[in-house]
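**Student:** Sharing a structure here in structure tokens format.
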Amino acid sequence: MAEIRFYHLTLKSLEDVLPVMLERTVVRDGRRAVVVAGSPERVEKMNAHLWTYSDSVFLPHGSKTDGHAAQQPVWLTDADENPNEAKVLFLVDGGVSENVATYDLVCELFDGRNDEAVAAARHRWKTYKDGDHALTYWQQTERGGWEQKAEG
């Protein structure tokens, strides 16, 4: 059973939120992460963004184009894989995994301004709940933080 957190992006974009979450996972907590996105193009956009999003933080990461998957603290992919033996999974932009139970923590980030993304998140919530996972739902606050709105 995994802890699964749903993050409803209503104010900030994925590009604003994901790097901070990855920093906390890798730098603060010392854990590895896999980020599964919905397409190879999205993976490469995220890969480029993580190199340039901050002048003060270096977040080691890579994707298929970079190689050395087992050595990457953050692995970006569009496949349901865990080549760096991560314990934290981020699902973004339609990325899915059939292996959520193999992770300690799964973070589902979805765009609250996209009706299809919201509907898909609701469907996954129900699926995970039926699988007896520990669920929480978080929504962005006006002050830039997160407020827990539900658990299941």
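Residues in the structure tokens are numbered from 1 in each chain, the chains being A, B, ... in the order shown, and ligands are numbered from 1 in the order shown.
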Can you tell me which residues surround range 16-30 of chain A at a distance of at most 8 Å, considering only C-alpha atoms, apart from same-chain residues fewer than 3 positions away, and format the answer as an mmCIF file with C-alpha atoms, in the first residue's frame?

**Tutor:**
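Final output, selection20.cif:
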```cif
data_model
loop_
_atom_site.group_PDB
_atom_site.id
_atom_site.type_symbol
_atom_site.label_atom_id
_atom_site.label_comp_id
_atom_site.auth_asym_id
_atom_site.auth_seq_id
_atom_site.Cartn_x
_atom_site.Cartn_y
_atom_site.Cartn_z
ATOM 1 C CA LYS A 12 0.718 27.863 -10.109
ATOM 2 C CA SER A 13 1.846 25.785 -13.050
ATOM 3 C CA ALA A 33 12.249 10.059 -7.645
ATOM 4 C CA LEU A 50 14.930 21.524 -14.580
ATOM 5 C CA TYR A 53 14.546 26.940 -13.363
ATOM 6 C CA LEU A 59 18.825 19.349 -9.118
ATOM 7 C CA PRO A 73 18.439 10.881 -8.449
ATOM 8 C CA VAL A 74 15.489 12.081 -10.581
ATOM 9 C CA VAL A 88 8.858 8.433 -4.780
#
```

**Student:** I need the residues in chain A that are strand (DSSP E) according to DSSP; give them as a count of residues only.

**Tutor:** 40

**Student:** Taking into account only C-alpha atoms, which residue in the set A:Arg143, A:Lys129, A:Lys87, A:Arg113 is nearest to Arg31 in chain A?

**Tutor:**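 The closest residue to Arg31 in chain A is A:Lys87.
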
**Student:** From the DSSP assignment of the backbone, select every residue of range 2-152 of chain A that is helix (DSSP H, G or I), and format the answer as a PyMOL selection string.

**Tutor:** chain A and resi 14-28+40-52+69-71+100-102+115-130

**Student:** Could you give me, as a PyMOL selection string, the residues within 9 Å of Pro83 in chain A, counting only C-alpha atoms and dropping anything in the same chain fewer than 5 positions from it?

**Tutor:** chain A and resi 34+69-72+75

**Student:** Could the residues in this selection be written to a file with C-alpha atoms, as a PDB file, in the first residue's frame?

**Tutor:**
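For reference, result-v2.pdb as written:
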```pdb
ATOM      1  CA  VAL A  34      10.742   9.002 -10.937  1.00  0.00           C
ATOM      2  CA  ALA A  69      19.242   5.915 -15.488  1.00  0.00           C
ATOM      3  CA  ALA A  70      20.424   3.966 -12.448  1.00  0.00           C
ATOM      4  CA  GLN A  71      22.647   6.882 -11.383  1.00  0.00           C
ATOM      5  CA  GLN A  72      20.036   9.637 -11.696  1.00  0.00           C
ATOM      6  CA  TRP A  75      14.497  10.078 -13.638  1.00  0.00           C
TER       7      TRP A  75
END
```

**Student:** From the list A:Glu151, A:Gly67, A:Ser39, A:Gly94, which residue is nearest Lys126 in chain A when using only C-alpha atoms?

**Tutor:**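 Of A:Glu151, A:Gly67, A:Ser39, A:Gly94, the one nearest Lys126 in chain A is A:Glu151, counting only C-alpha atoms.
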
**Student:** How many Å separate CA of Asn47 in chain A from CA of Asn82 in chain A?

**Tutor:**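 About the pair CA of Asn47 in chain A and CA of Asn82 in chain A: they are 16.8 Å apart.
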
**Student:** Find the spatial neighbours of Leu14 in chain A, counting only C-alpha atoms, within a cut-off of 9 Å - ignore same-chain residues fewer than 6 positions away - and output them as a list in words.

**Tutor:**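 Using only C-alpha atoms, the neighbours found are Val92, Asp93, Leu109, Phe110 and Asp111 of chain A.
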
**Student:** Using only C-alpha atoms, which protein or nucleic acid residues come within 9 Å of range 77-80 of chain A? Drop anything in the same chain fewer than 5 positions from it, and give the result as a list of chain:residue names.

**Tutor:**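 Once the nearby chain positions are removed, what remains is A:Val34, A:Val35, A:Val36, A:Ala37, A:Gly38, A:Ser39, A:Pro40, A:Glu41, A:Arg42, A:Val43, A:Glu44, A:Gly62, A:Ser63, A:Lys64, A:Gly95, A:Val96, A:Ser97, A:Glu98, A:Asn99.
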
**Student:** Need the shell around Tyr128 in chain A: protein/DNA/RNA residues with any atom at most 10 Å away, counting only C-alpha atoms. Skip same-chain ones fewer than 3 positions apart. Format as a ChimeraX atom specification?

**Tutor:** /A:1-4,100-101,122-125,131-135,152

**Student:** Using the selection just defined, write its residues with C-alpha atoms as a PDB file, in the first residue's frame.

**Tutor:**
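Output below, filename part_23.pdb:
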```
ATOM      1  CA  MET A   1       0.000   0.000   0.000  1.00  0.00           C
ATOM      2  CA  ALA A   2       1.382   3.378  -1.031  1.00  0.00           C
ATOM      3  CA  GLU A   3       0.696   6.827   0.311  1.00  0.00           C
ATOM      4  CA  ILE A   4      -0.840   8.706  -2.604  1.00  0.00           C
ATOM      5  CA  VAL A 100       2.067   2.559  -7.554  1.00  0.00           C
ATOM      6  CA  ALA A 101       2.148  -0.052  -4.768  1.00  0.00           C
ATOM      7  CA  ARG A 122     -11.197  11.707  -9.940  1.00  0.00           C
ATOM      8  CA  HIS A 123     -11.189   8.357 -11.722  1.00  0.00           C
ATOM      9  CA  ARG A 124      -7.703   7.513 -10.391  1.00  0.00           C
ATOM     10  CA  TRP A 125      -8.743   8.556  -6.858  1.00  0.00           C
ATOM     11  CA  GLY A 131      -6.979  -0.595  -3.861  1.00  0.00           C
ATOM     12  CA  ASP A 132      -6.796   0.388  -0.173  1.00  0.00           C
ATOM     13  CA  HIS A 133      -4.100   3.025  -0.630  1.00  0.00           C
ATOM     14  CA  ALA A 134      -3.793   5.923   1.838  1.00  0.00           C
ATOM     15  CA  LEU A 135      -5.062   8.970  -0.093  1.00  0.00           C
ATOM     16  CA  GLY A 152      -9.638   8.619   1.720  1.00  0.00           C
TER      17      GLY A 152
END
```

**Student:** Would you compute the distance between CA of Ala120 in chain A and CA of Ala48 in chain A? Give it in Å to one decimal.

**Tutor:**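 CA of Ala48 in chain A lies 26.6 Å from CA of Ala120 in chain A.
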
**Student:** Using CA of His49 in chain A and CA of Asn114 in chain A as the two end points, give the distance in Å to one decimal.

**Tutor:**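 Result for CA of His49 in chain A versus CA of Asn114 in chain A: 21.6 Å, one decimal.
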
**Student:** Looking at A:Ser54, A:Gln139, A:Asn84, A:Gln148, which one is nearest to Gly112 in chain A, with distances taken over only C-alpha atoms?

**Tutor:**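 Among A:Ser54, A:Gln139, A:Asn84, A:Gln148, it is A:Gln139 that comes nearest to Gly112 in chain A.
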